Structure formats: structure tokens, C-alpha cells
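Source file: structure-v4.cif (mmCIF, C-alpha atoms)
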```cif
data_coords
loop_
_atom_site.group_PDB
_atom_site.id
_atom_site.type_symbol
_atom_site.label_atom_id
_atom_site.label_comp_id
_atom_site.auth_asym_id
_atom_site.auth_seq_id
_atom_site.Cartn_x
_atom_site.Cartn_y
_atom_site.Cartn_z
ATOM 1 C CA MET A 27 194.869 15.506 73.786
ATOM 2 C CA PRO A 28 196.087 11.892 73.229
ATOM 3 C CA PHE A 29 192.724 10.110 73.047
ATOM 4 C CA ASP A 30 192.160 7.766 70.121
ATOM 5 C CA HIS A 31 188.598 6.514 69.722
ATOM 6 C CA ASN A 32 189.700 3.348 67.918
ATOM 7 C CA ASP A 33 192.307 2.454 70.543
ATOM 8 C CA HIS A 34 189.629 2.913 73.207
ATOM 9 C CA TYR A 35 187.767 -0.105 71.822
ATOM 10 C CA HIS A 36 190.731 -2.491 71.506
ATOM 11 C CA ARG A 37 189.701 -4.489 74.560
ATOM 12 C CA LEU A 38 186.150 -4.818 73.265
ATOM 13 C CA LEU A 39 187.456 -6.164 69.971
ATOM 14 C CA LEU A 40 189.823 -8.593 71.680
ATOM 15 C CA ARG A 41 186.848 -10.052 73.528
ATOM 16 C CA GLN A 42 185.460 -11.156 70.147
ATOM 17 C CA LEU A 43 188.358 -13.569 69.518
ATOM 18 C CA PRO A 44 186.974 -17.088 69.036
ATOM 19 C CA PRO A 45 188.231 -19.954 71.218
ATOM 20 C CA GLY A 46 191.417 -21.494 69.895
ATOM 21 C CA CYS A 47 192.142 -18.527 67.637
ATOM 22 C CA ARG A 48 195.505 -18.857 65.859
ATOM 23 C CA THR A 49 195.414 -16.705 62.699
ATOM 24 C CA ALA A 50 194.262 -13.123 62.252
ATOM 25 C CA LEU A 51 193.914 -10.512 59.522
ATOM 26 C CA ASP A 52 193.859 -6.825 60.448
ATOM 27 C CA VAL A 53 192.363 -4.775 57.597
ATOM 28 C CA GLY A 54 193.443 -1.132 57.465
ATOM 29 C CA CYS A 55 196.017 -1.667 60.207
ATOM 30 C CA GLY A 56 197.487 1.852 60.048
ATOM 31 C CA THR A 57 200.509 2.105 62.345
ATOM 32 C CA GLY A 58 199.825 -1.393 63.655
ATOM 33 C CA ARG A 59 198.723 -0.857 67.230
ATOM 34 C CA PHE A 60 195.913 -3.401 67.174
ATOM 35 C CA ALA A 61 197.924 -5.850 65.041
ATOM 36 C CA ARG A 62 200.619 -5.789 67.728
ATOM 37 C CA ARG A 63 198.056 -6.512 70.418
ATOM 38 C CA LEU A 64 196.868 -9.533 68.444
ATOM 39 C CA ALA A 65 200.441 -10.754 67.994
ATOM 40 C CA ALA A 66 201.078 -10.320 71.712
ATOM 41 C CA ARG A 67 198.410 -12.969 72.250
ATOM 42 C CA GLY A 68 200.414 -15.412 70.190
ATOM 43 C CA LEU A 69 198.447 -15.074 66.954
ATOM 44 C CA ASP A 70 199.895 -15.273 63.463
ATOM 45 C CA VAL A 71 198.893 -11.811 62.217
ATOM 46 C CA HIS A 72 198.635 -10.589 58.623
ATOM 47 C CA ALA A 73 198.080 -6.820 58.564
ATOM 48 C CA VAL A 74 197.277 -4.797 55.441
ATOM 49 C CA ASP A 75 197.030 -1.077 54.753
ATOM 50 C CA PRO A 76 197.311 1.079 51.600
ATOM 51 C CA SER A 77 199.577 3.665 53.281
ATOM 52 C CA ALA A 78 203.308 3.015 52.864
ATOM 53 C CA GLU A 79 204.162 5.676 55.448
ATOM 54 C CA ALA A 80 201.884 4.148 58.085
ATOM 55 C CA LEU A 81 203.302 0.673 57.403
ATOM 56 C CA ASP A 82 206.875 1.942 57.769
ATOM 57 C CA ARG A 83 205.928 3.220 61.211
ATOM 58 C CA ALA A 84 204.139 -0.051 62.000
ATOM 59 C CA ARG A 85 207.177 -2.157 61.074
ATOM 60 C CA ALA A 86 209.484 0.039 63.141
ATOM 61 C CA ALA A 87 207.214 -0.163 66.178
ATOM 62 C CA THR A 88 206.737 -3.921 65.821
ATOM 63 C CA ALA A 89 210.488 -4.520 65.600
ATOM 64 C CA GLY A 90 210.857 -2.995 69.050
ATOM 65 C CA THR A 91 208.004 -4.951 70.630
ATOM 66 C CA PRO A 92 209.141 -7.947 72.719
ATOM 67 C CA GLY A 93 207.106 -11.148 72.833
ATOM 68 C CA GLY A 94 204.711 -12.656 70.364
ATOM 69 C CA PRO A 95 205.364 -13.659 66.764
ATOM 70 C CA PRO A 96 206.186 -10.938 64.221
ATOM 71 C CA VAL A 97 203.357 -9.245 62.316
ATOM 72 C CA ARG A 98 203.380 -9.679 58.534
ATOM 73 C CA TYR A 99 202.615 -6.257 57.060
ATOM 74 C CA GLN A 100 201.519 -5.789 53.454
ATOM 75 C CA GLN A 101 200.786 -2.625 51.513
ATOM 76 C CA ALA A 102 197.544 -3.367 49.697
ATOM 77 C CA ASP A 103 193.999 -2.276 49.021
ATOM 78 C CA ALA A 104 191.949 -4.826 50.943
ATOM 79 C CA ALA A 105 189.074 -4.460 48.477
ATOM 80 C CA ARG A 106 191.318 -5.845 45.719
ATOM 81 C CA LEU A 107 193.446 -8.223 47.741
ATOM 82 C CA GLN A 108 193.373 -11.933 46.939
ATOM 83 C CA LEU A 109 192.838 -13.595 50.303
ATOM 84 C CA PRO A 110 193.122 -17.328 51.016
ATOM 85 C CA PRO A 111 189.671 -18.881 51.448
ATOM 86 C CA GLY A 112 188.749 -20.304 54.836
ATOM 87 C CA HIS A 113 192.076 -19.301 56.416
ATOM 88 C CA TYR A 114 191.661 -16.710 59.177
ATOM 89 C CA ASP A 115 190.191 -17.380 62.610
ATOM 90 C CA PHE A 116 189.722 -13.650 63.233
ATOM 91 C CA ILE A 117 189.450 -10.633 60.934
ATOM 92 C CA SER A 118 189.355 -7.089 62.284
ATOM 93 C CA CYS A 119 188.532 -3.795 60.585
ATOM 94 C CA LEU A 120 189.084 -0.738 62.758
ATOM 95 C CA ALA A 121 187.580 2.404 61.226
ATOM 96 C CA SER A 122 188.624 1.162 57.795
ATOM 97 C CA LEU A 123 185.566 -0.392 56.158
ATOM 98 C CA HIS A 124 184.154 2.997 55.134
ATOM 99 C CA HIS A 125 187.286 3.513 52.990
ATOM 100 C CA MET A 126 186.178 0.684 50.691
ATOM 101 C CA PRO A 127 182.946 -0.699 49.213
ATOM 102 C CA PHE A 128 180.860 -2.352 51.913
ATOM 103 C CA GLU A 129 180.616 -5.408 49.659
ATOM 104 C CA THR A 130 184.238 -6.116 50.611
ATOM 105 C CA VAL A 131 182.815 -7.940 53.639
ATOM 106 C CA SER A 132 181.841 -10.775 51.280
ATOM 107 C CA THR A 133 185.526 -11.353 50.490
ATOM 108 C CA LEU A 134 186.396 -11.167 54.183
ATOM 109 C CA ARG A 135 183.606 -13.604 55.048
ATOM 110 C CA ALA A 136 184.927 -16.094 52.481
ATOM 111 C CA SER A 137 188.402 -15.950 54.028
ATOM 112 C CA LEU A 138 187.143 -16.841 57.502
ATOM 113 C CA ALA A 139 187.845 -20.336 58.767
ATOM 114 C CA PRO A 140 184.858 -22.315 60.088
ATOM 115 C CA GLY A 141 183.920 -20.749 63.413
ATOM 116 C CA GLY A 142 185.964 -17.667 62.551
ATOM 117 C CA VAL A 143 184.877 -14.156 63.540
ATOM 118 C CA LEU A 144 184.765 -10.906 61.576
ATOM 119 C CA ALA A 145 184.750 -7.864 63.884
ATOM 120 C CA VAL A 146 184.199 -4.410 62.410
ATOM 121 C CA LEU A 147 184.634 -1.233 64.413
ATOM 122 C CA GLY A 148 182.938 1.070 61.948
ATOM 123 C CA CYS A 149 182.149 4.755 61.499
ATOM 124 C CA TYR A 150 178.909 6.272 60.281
ATOM 125 C CA PRO A 151 177.650 9.799 59.533
ATOM 126 C CA GLU A 152 174.958 11.472 61.602
ATOM 127 C CA ARG A 153 171.630 11.345 59.792
ATOM 128 C CA THR A 154 168.843 10.566 62.267
ATOM 129 C CA THR A 155 167.601 11.849 65.598
ATOM 130 C CA ALA A 156 169.098 8.792 67.263
ATOM 131 C CA ASP A 157 172.476 9.522 65.640
ATOM 132 C CA TYR A 158 172.505 13.045 67.017
ATOM 133 C CA ALA A 159 171.330 11.901 70.450
ATOM 134 C CA TRP A 160 174.231 9.448 70.714
ATOM 135 C CA SER A 161 176.627 12.136 69.500
ATOM 136 C CA LEU A 162 175.372 14.516 72.160
ATOM 137 C CA ALA A 163 175.907 11.852 74.829
ATOM 138 C CA ALA A 164 179.428 11.214 73.526
ATOM 139 C CA VAL A 165 180.577 14.826 73.788
ATOM 140 C CA PRO A 166 181.008 15.031 77.601
ATOM 141 C CA ALA A 167 182.440 11.488 77.754
ATOM 142 C CA ASN A 168 184.902 12.399 75.014
ATOM 143 C CA ALA A 169 185.952 15.575 76.820
ATOM 144 C CA ALA A 170 186.423 13.710 80.118
ATOM 145 C CA ALA A 171 188.517 11.005 78.466
ATOM 146 C CA ARG A 172 190.697 13.569 76.709
ATOM 147 C CA LEU A 173 191.328 15.430 79.948
ATOM 148 C CA ALA A 174 192.104 12.249 81.899
ATOM 149 C CA LEU A 175 194.514 10.935 79.295
ATOM 150 C CA GLY A 176 196.069 14.355 78.871
ATOM 151 C CA ALA A 177 196.768 14.494 82.602
ATOM 152 C CA ALA A 178 198.283 11.005 82.535
ATOM 153 C CA GLU A 179 200.438 11.939 79.545
ATOM 154 C CA ALA A 180 201.771 14.987 81.373
ATOM 155 C CA LEU A 181 203.132 12.724 84.127
ATOM 156 C CA ARG A 182 205.113 10.564 81.706
ATOM 157 C CA PRO A 183 208.670 11.306 80.557
ATOM 158 C CA SER A 184 208.635 13.617 77.572
ATOM 159 C CA GLY A 185 209.313 12.116 74.163
ATOM 160 C CA ALA A 186 208.753 12.771 70.514
ATOM 161 C CA ALA A 187 205.161 12.537 69.432
ATOM 162 C CA ASP A 188 204.345 10.114 66.660
ATOM 163 C CA PRO A 189 203.422 12.316 63.661
ATOM 164 C CA VAL A 190 202.399 9.410 61.437
ATOM 165 C CA ARG A 191 198.704 8.795 61.037
ATOM 166 C CA ALA A 192 196.954 6.562 58.542
ATOM 167 C CA PRO A 193 194.949 8.552 55.964
ATOM 168 C CA THR A 194 191.363 9.165 57.001
ATOM 169 C CA ALA A 195 188.129 9.943 55.196
ATOM 170 C CA PRO A 196 184.686 10.878 56.522
ATOM 171 C CA PRO A 197 182.099 8.070 56.473
ATOM 172 C CA THR A 198 179.210 8.490 54.029
ATOM 173 C CA VAL A 199 176.966 5.435 54.544
ATOM 174 C CA PRO A 200 174.339 5.861 57.301
ATOM 175 C CA LEU A 201 173.949 3.217 59.971
ATOM 176 C CA SER A 202 170.491 2.202 58.739
ATOM 177 C CA ARG A 203 171.921 1.274 55.332
ATOM 178 C CA ILE A 204 174.869 -0.518 56.939
ATOM 179 C CA ARG A 205 172.391 -2.648 58.884
ATOM 180 C CA ARG A 206 170.492 -3.548 55.704
ATOM 181 C CA GLN A 207 173.617 -4.421 53.739
ATOM 182 C CA ALA A 208 175.067 -6.421 56.605
ATOM 183 C CA ALA A 209 171.863 -8.427 57.002
ATOM 184 C CA GLU A 210 172.122 -9.404 53.337
ATOM 185 C CA LEU A 211 175.850 -10.084 53.099
ATOM 186 C CA LEU A 212 176.543 -11.300 56.646
ATOM 187 C CA PRO A 213 173.390 -13.151 57.715
ATOM 188 C CA GLY A 214 173.211 -13.595 61.455
ATOM 189 C CA CYS A 215 175.629 -10.773 62.242
ATOM 190 C CA ARG A 216 175.125 -8.503 65.247
ATOM 191 C CA ILE A 217 175.447 -4.713 65.095
ATOM 192 C CA ARG A 218 175.331 -2.358 68.028
ATOM 193 C CA ARG A 219 175.915 1.345 68.286
ATOM 194 C CA LEU A 220 178.798 2.542 70.461
ATOM 195 C CA LEU A 221 179.770 5.876 71.925
ATOM 196 C CA PHE A 222 182.397 7.967 70.169
ATOM 197 C CA TRP A 223 180.720 7.776 66.755
ATOM 198 C CA ARG A 224 181.333 4.076 66.196
ATOM 199 C CA TYR A 225 179.411 0.833 65.749
ATOM 200 C CA LEU A 226 180.462 -2.756 66.357
ATOM 201 C CA LEU A 227 179.592 -5.452 63.826
ATOM 202 C CA VAL A 228 180.336 -9.069 64.728
ATOM 203 C CA PHE A 229 179.841 -11.979 62.331
ATOM 204 C CA ARG A 230 180.712 -15.580 63.118
ATOM 205 C CA ARG A 231 181.035 -18.078 60.299
ATOM 206 C CA PRO A 232 179.135 -21.245 61.133
ATOM 207 C CA ASP A 233 181.145 -24.363 61.840
ATOM 208 C CA ASP A 234 181.195 -26.665 58.827
#
```
Render the structure in this file as C-alpha cells.
Amino acid sequence: MPFDHNDHYHRLLLRQLPPGCRTALDVGCGTGRFARRLAARGLDVHAVDPSAEALDRARAATAGTPGGPPVRYQQADAARLQLPPGHYDFISCLASLHHMPFETVSTLRASLAPGGVLAVLGCYPERTTADYAWSLAAVPANAAARLALGAAEALRPSGAADPVRAPTAPPTVPLSRIRRQAAELLPGCRIRRLLFWRYLLVFRRPDD
């Protein structure tokens, strides 16, 4: 069924945009769905992903999207990318941070403009009783969402399904460790657990 857990949280992530936001970096953009939503808000968007195939699909989809400035796509490993310091008003990572060392957030933090926001929609493995309890709660919600979206999809005109997906890998760092590392590298950040096996991390760079 056509239910994407990351897409489900796009609106939540968009609510983290700081006032007056003009520039954005989307790390691990995949086929560019969230990058296009940022561009549709008038932002200058730089989107990076290591997958050439996913970026080809992203460029093709963006070319056919009316309104908003074009997205600048770049094939790169964000953990090794040289980013301009103090440049971006908003940086997003959707289910991509677990593909790289967590310490990469230090580089992302340094590239935030004063007052800029880093928003991470992250994945974590189940390790604790609380993890499994949240997973159990997510199962019926996930099934209901899949059925609802599947029914809506059946009413739409038929078309070719998009076979391109960005490469995925299972997360290995438990949420408790993520909280400890984030407290050290992103002091003052907020982390909250979400349904559908995700967490939201929000860090705002202080105004200079």
C-alpha cells in the first residue's frame, strides 16, 4: 500500500521552519519529495544524496513541478561534504542520519545561520520496553493508514508506479544513545519519539 512513513511527517517538519527562512539544505533527499515542498515555499534549496539513480528521478520530478525556485541537487556523501559555514536557515534530514556517523550533526550545526534550525526525522532500533510499546501502538495506526491511502489510490487514474527508491539501511543506534550524543553535540536540542518508528530532533542555533 502507498504509505510512506517519512512523507507522513512532512507537515510536522515544515512547521519547524524558522521565521524569515530563505535557504535550506535537505540531507539524504532521495527522490526529492521534501526538497520540492521546501522549494514550493520559495526557499533556495540545496539537496544532497549519494544515490545517482534517486537524484535522476528527483531532477525529473522537479523539472515538472510548477512554482517555486529550482532545487539544486548534488550527488554527495553528506558526512564528507564541505558545507559553507553559517549559511543555511533550515537543514532537514529525513531518515538519513543513521546512514552516516552521528557526529555529522556537528558539521550541519556549523553550517546553520544564526537562528537557523536543524530538523532530524530519525530512525532507531527497538531495544527497550518503551520502544516495543510504541511499536505495538504503531501497528494498528500503520495498518489503518495503509488501508485508507490504498483506497484513495484506487480512486485515482491509473499510472506507472515509481520504482525508484533511495537505498535504505536498518538503524543500529538506540534512542537512548542518540539522546546522549545529541545532548553533547547539539546542546539545547529537543528530541521526541513519534509513531511509525521515528523520532524528531530539533536544534536551533542561537542568534549571534
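Residues matched by the PyMOL selection byres ((chain A and resi 43) around 10) in this file are Leu38, Leu39, Leu40, Arg41, Gln42, Pro44, Pro45, Gly46, Cys47, Arg48, Ala50, Leu64, Asp115, Phe116, Ile117, Ser118, Gly142, Val143, Leu144 and Ala145 of chain A.
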Resolved residues for the PyMOL selection byres ((chain A and resi 126-131) around 8) as a ChimeraX atom specification | /A:104-105,122-125,132-135,207,211-212
Residue subset to file, keeping C-alpha atoms, as an mmCIF file, keeping the file's coordinate frame:
```cif
data_model
loop_
_atom_site.group_PDB
_atom_site.id
_atom_site.type_symbol
_atom_site.label_atom_id
_atom_site.label_comp_id
_atom_site.auth_asym_id
_atom_site.auth_seq_id
_atom_site.Cartn_x
_atom_site.Cartn_y
_atom_site.Cartn_z
ATOM 1 C CA ALA A 104 191.949 -4.826 50.943
ATOM 2 C CA ALA A 105 189.074 -4.460 48.477
ATOM 3 C CA SER A 122 188.624 1.162 57.795
ATOM 4 C CA LEU A 123 185.566 -0.392 56.158
ATOM 5 C CA HIS A 124 184.154 2.997 55.134
ATOM 6 C CA HIS A 125 187.286 3.513 52.990
ATOM 7 C CA SER A 132 181.841 -10.775 51.280
ATOM 8 C CA THR A 133 185.526 -11.353 50.490
ATOM 9 C CA LEU A 134 186.396 -11.167 54.183
ATOM 10 C CA ARG A 135 183.606 -13.604 55.048
ATOM 11 C CA GLN A 207 173.617 -4.421 53.739
ATOM 12 C CA LEU A 211 175.850 -10.084 53.099
ATOM 13 C CA LEU A 212 176.543 -11.300 56.646
#
```
Emit as JSON the padded axis-aligned box for all listed atoms of stretch 134-148 of chain A, 5 Å per side, with centre and edge lengths in Å to one decimal.
```
{"center_x": 185.7, "center_y": -10.6, "center_z": 58.4, "size_x": 15.5, "size_y": 33.4, "size_z": 21.9}
```
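For the residues A:Cys119, A:Ala136, A:Leu221, A:Val165, ranking by smallest atom-to-atom distance to A:His34 using all atoms listed in the file places A:Leu221 first.
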Between A:Tyr225, A:Tyr99, A:Trp160, A:Tyr114, which is the closest to A:Arg62 once you count only C-alpha atoms?
->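 Under the stated criterion, the closest residue is A:Tyr99.
Counting only C-alpha atoms, A:Gly214 has the following residues at most 10 Å away, ignoring those fewer than 6 positions along the same chain: Ala208, Val228, Phe229, Arg230, Arg231 and Pro232 of chain A.
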Evaluating the PyMOL selection byres ((chain A and resi 83-85) around 9) on the displayed file yields which residues, as a CSV table (one decimal) with C-alpha atoms, in the frame of the given file?
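Result file result-v1.csv:
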```
chain,number,residue,atom,x,y,z
A,55,CYS,CA,196.0,-1.7,60.2
A,56,GLY,CA,197.5,1.9,60.0
A,57,THR,CA,200.5,2.1,62.3
A,58,GLY,CA,199.8,-1.4,63.7
A,59,ARG,CA,198.7,-0.9,67.2
A,62,ARG,CA,200.6,-5.8,67.7
A,78,ALA,CA,203.3,3.0,52.9
A,79,GLU,CA,204.2,5.7,55.4
A,80,ALA,CA,201.9,4.1,58.1
A,81,LEU,CA,203.3,0.7,57.4
A,82,ASP,CA,206.9,1.9,57.8
A,86,ALA,CA,209.5,0.0,63.1
A,87,ALA,CA,207.2,-0.2,66.2
A,88,THR,CA,206.7,-3.9,65.8
A,89,ALA,CA,210.5,-4.5,65.6
A,90,GLY,CA,210.9,-3.0,69.0
A,97,VAL,CA,203.4,-9.2,62.3
A,98,ARG,CA,203.4,-9.7,58.5
A,99,TYR,CA,202.6,-6.3,57.1
A,188,ASP,CA,204.3,10.1,66.7
A,190,VAL,CA,202.4,9.4,61.4
```
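What separates atom CA of A:Gly68 from atom CA of A:Leu51 is a distance of 13.4 Å.
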A:Thr198, A:Thr154, A:Asn32, A:Thr49 ranked by distance to A:Ala73, top pick (using all atoms listed in the file) | A:Thr49
From the list A:Asp70, A:Val53, A:Ala139, A:Trp223, which residue is nearest A:Gln101 when using all atoms listed in the file?
->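 Nearest to A:Gln101: A:Val53.
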Pick from A:Leu107, A:Ile204, A:Leu162, A:Ala209 nearest to A:Cys149, counting only C-alpha atoms = A:Ile204
note - atom CA of A:Ala102 and atom CA of A:Pro151 are separated by 25.8 Å
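You can rank A:Gly54, A:Gly148, A:Pro196, A:Pro213 by their closest distance to A:Gln100 using all atoms listed in the file, and at the top of that list sits A:Gly54.
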Atom CA of A:Gly141 to atom CA of A:Asp233: how many Å, to one decimal?
-> 4.8 Å
Please, can stretch 63-80 of chain A be completed to N, CA and C atoms and returned as a CSV table (one decimal), in the frame of the given file?
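Everything below was put into selection08.csv:
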```
chain,number,residue,atom,x,y,z
A,63,ARG,N,198.8,-5.9,69.3
A,63,ARG,CA,198.1,-6.5,70.4
A,63,ARG,C,197.6,-7.9,70.1
A,64,LEU,N,197.2,-8.2,68.9
A,64,LEU,CA,196.9,-9.5,68.4
A,64,LEU,C,198.1,-10.4,68.5
A,65,ALA,N,199.2,-10.0,68.0
A,65,ALA,CA,200.4,-10.8,68.0
A,65,ALA,C,200.9,-11.1,69.4
A,66,ALA,N,200.7,-10.1,70.3
A,66,ALA,CA,201.1,-10.3,71.7
A,66,ALA,C,200.3,-11.5,72.4
A,67,ARG,N,199.2,-11.8,71.8
A,67,ARG,CA,198.4,-13.0,72.2
A,67,ARG,C,198.8,-14.3,71.6
A,68,GLY,N,199.9,-14.2,70.8
A,68,GLY,CA,200.4,-15.4,70.2
A,68,GLY,C,199.8,-15.7,68.8
A,69,LEU,N,199.1,-14.8,68.2
A,69,LEU,CA,198.4,-15.1,67.0
A,69,LEU,C,199.4,-14.8,65.8
A,70,ASP,N,199.2,-15.5,64.7
A,70,ASP,CA,199.9,-15.3,63.5
A,70,ASP,C,199.1,-14.2,62.8
A,71,VAL,N,199.7,-13.0,62.7
A,71,VAL,CA,198.9,-11.8,62.2
A,71,VAL,C,199.4,-11.3,60.9
A,72,HIS,N,198.4,-11.2,59.9
A,72,HIS,CA,198.6,-10.6,58.6
A,72,HIS,C,197.9,-9.2,58.7
A,73,ALA,N,198.6,-8.2,58.5
A,73,ALA,CA,198.1,-6.8,58.6
A,73,ALA,C,198.3,-6.1,57.2
A,74,VAL,N,197.2,-5.5,56.7
A,74,VAL,CA,197.3,-4.8,55.4
A,74,VAL,C,196.8,-3.4,55.6
A,75,ASP,N,197.4,-2.5,54.8
A,75,ASP,CA,197.0,-1.1,54.8
A,75,ASP,C,197.6,-0.5,53.4
A,76,PRO,N,196.8,0.5,52.8
A,76,PRO,CA,197.3,1.1,51.6
A,76,PRO,C,198.4,2.1,51.8
A,77,SER,N,198.6,2.6,53.0
A,77,SER,CA,199.6,3.7,53.3
A,77,SER,C,201.0,3.1,53.5
A,78,ALA,N,201.9,3.4,52.7
A,78,ALA,CA,203.3,3.0,52.9
A,78,ALA,C,203.9,3.7,54.1
A,79,GLU,N,203.6,4.9,54.3
A,79,GLU,CA,204.2,5.7,55.4
A,79,GLU,C,203.7,5.1,56.8
A,80,ALA,N,202.4,4.8,56.9
A,80,ALA,CA,201.9,4.1,58.1
A,80,ALA,C,202.5,2.8,58.3
```
